[in-house]
Structures are given as structure tokens and as C-alpha cells.
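Novice: So I've got this file, my_file.csv, and it contains CSV, C-alpha atoms:
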chain,number,residue,atom,x,y,z
F,1,MET,CA,105.9,-112.4,194.8
F,2,ALA,CA,102.8,-113.9,193.2
F,3,LYS,CA,103.0,-115.8,189.9
F,4,LYS,CA,101.8,-113.9,186.9
F,5,LEU,CA,100.0,-115.0,183.7
F,6,CYS,CA,101.7,-114.8,180.4
F,7,GLU,CA,101.5,-111.3,178.9
F,8,VAL,CA,100.9,-112.7,175.4
F,9,CYS,CA,98.3,-115.4,175.8
F,10,ARG,CA,97.0,-114.9,179.3
F,11,LYS,CA,96.5,-118.6,179.6
F,12,ASN,CA,99.7,-120.1,181.1
F,13,TRP,CA,101.9,-119.0,183.9
F,14,ALA,CA,104.9,-116.8,183.0
F,15,SER,CA,108.1,-118.7,183.2
F,16,VAL,CA,110.5,-116.9,180.7
F,17,PRO,CA,111.7,-113.3,180.6
F,18,ASP,CA,110.3,-111.3,177.6
F,19,ARG,CA,113.2,-110.5,175.3
F,20,ASN,CA,111.4,-107.5,173.9
F,21,ARG,CA,111.5,-105.7,177.3
F,22,MET,CA,114.5,-104.0,178.6
F,23,GLY,CA,115.5,-103.9,182.2
F,24,ARG,CA,115.5,-106.6,184.8
F,25,PRO,CA,114.8,-110.1,183.5
F,26,ILE,CA,111.4,-110.8,185.0
F,27,ASN,CA,109.4,-113.8,183.9
F,28,ARG,CA,106.6,-112.4,181.7
F,29,ILE,CA,105.8,-114.9,179.0
F,30,CYS,CA,105.1,-118.7,179.0
F,31,THR,CA,107.3,-121.3,177.3
F,32,ALA,CA,104.7,-121.9,174.6
F,33,CYS,CA,104.7,-118.2,173.5
F,34,HIS,CA,108.5,-118.1,173.8
F,35,GLN,CA,108.7,-121.2,171.5
F,36,ASP,CA,106.3,-119.6,169.0
F,37,ARG,CA,108.5,-116.5,168.8
F,38,LEU,CA,111.6,-118.6,168.3
F,39,LYS,CA,109.9,-120.6,165.5
F,40,GLU,CA,109.0,-117.3,163.8
F,41,ASP,CA,112.6,-116.1,164.2
F,42,ILE,CA,114.0,-119.3,162.6
F,43,GLY,CA,111.5,-119.0,159.7
F,44,ASN,CA,112.6,-115.4,159.1
F,45,ILE,CA,116.2,-116.4,159.1
F,46,LEU,CA,115.7,-119.2,156.7
F,47,GLN,CA,113.7,-117.0,154.4
F,48,CYS,CA,116.4,-114.4,154.4
F,49,MET,CA,119.0,-117.1,153.7
F,50,ALA,CA,117.0,-118.4,150.8
F,51,ASP,CA,116.6,-114.9,149.4
F,52,VAL,CA,120.4,-114.4,149.5
F,53,MET,CA,121.0,-117.7,147.8
F,54,LYS,CA,118.6,-116.8,145.0
F,55,THR,CA,120.3,-113.4,144.4
F,56,GLU,CA,123.8,-115.0,144.5
F,57,THR,CA,122.8,-117.6,141.9
F,58,LYS,CA,121.4,-115.0,139.5
F,59,LYS,CA,124.6,-112.9,139.4
F,60,PRO,CA,126.5,-113.2,136.1
F,61,PRO,CA,130.0,-114.6,136.3
F,62,GLU,CA,132.7,-112.0,136.9
F,63,GLY,CA,135.7,-111.7,134.7
F,64,GLY,CA,135.8,-112.2,131.2
I need this file expressed as C-alpha cells, please.
Specialist:
Amino acid sequence: MAKKLCEVCRKNWASVPDRNRMGRPINRICTACHQDRLKEDIGNILQCMADVMKTETKKPPEGG
């Protein structure tokens, strides 16, 4: 089987399966594009955590 180019950037050789595709794990994206996706995921997770922390600190104390 011949090596394929990355489906995202079309610059590097595909070396990691695409997590957005179902089925057999075939190498479809390069490590650089995979790394960029992981960076975006971590950023989104941290943003969600920050939003949750803001809403928790704004709640009035219970009881009374």
C-alpha cells in the first residue's frame, strides 16, 4: 500500500489515524495536524473549565 499525504494539509505524509472518521484506523493525517487538533481540544477544555469556575464563584452562598 502506498503512503498517502495528509488529508488536512496535503504537505506531509499521513502517519496518524483520523479520529473524526469511523471504521478501520487508517493513517490519514500527519502528526503536525494531529498536534494542532489536540492543542485546540485542550484550549476548549480549559475555556470551559474557566467558564464553570466563573459561574461557580458568582453564585450567592446557600443557606441563611
Novice: Hey, can you check how far atom CA of F:Lys58 sits from atom CA of F:Asp41?
Specialist: 26.2 Å
Novice: Can you list every residue of stretch 22-53 of chain F that has an atom at most 6 Å from stretch 4-11 of chain F, with its nearest atom pair and the distance in Å to one decimal, using all atoms listed in the file, ordered by chain then number, as a Markdown table?
Specialist:
| residue | atom | partner | partner_atom | distance |
| --- | --- | --- | --- | --- |
| F:Arg28 | CA | F:Cys6 | CA | 5.6 |
| F:Ile29 | CA | F:Cys6 | CA | 4.3 |
| F:Cys30 | CA | F:Cys6 | CA | 5.4 |
Novice: Please produce an output containing C-alpha atoms for each residue in the selection, written as an mmCIF file, keeping the file's coordinate frame.
Specialist:
data_model
loop_
_atom_site.group_PDB
_atom_site.id
_atom_site.type_symbol
_atom_site.label_atom_id
_atom_site.label_comp_id
_atom_site.auth_asym_id
_atom_site.auth_seq_id
_atom_site.Cartn_x
_atom_site.Cartn_y
_atom_site.Cartn_z
ATOM 1 C CA ARG F 28 106.600 -112.400 181.700
ATOM 2 C CA ILE F 29 105.800 -114.900 179.000
ATOM 3 C CA CYS F 30 105.100 -118.700 179.000
#
Novice: How far is it from atom CA of F:Val16 to atom CA of F:Thr31, in Å with one decimal?
Specialist: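 One can read the atom CA of F:Val16 to atom CA of F:Thr31 distance as 6.4 Å.
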Novice: Just the number, please: distance in Å from atom CA of F:Cys33 to atom CA of F:Arg21, one decimal.
Specialist: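 Interatomic distance here is 14.7 Å.
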Novice: At a cut-off of 12 Å, using all atoms listed in the file, what residues contact F:Arg19? Leave out same-chain residues fewer than 4 positions from it and give the result as an MDAnalysis selection string.
Specialist: chainID F and resid 23:29 33:34 37:38
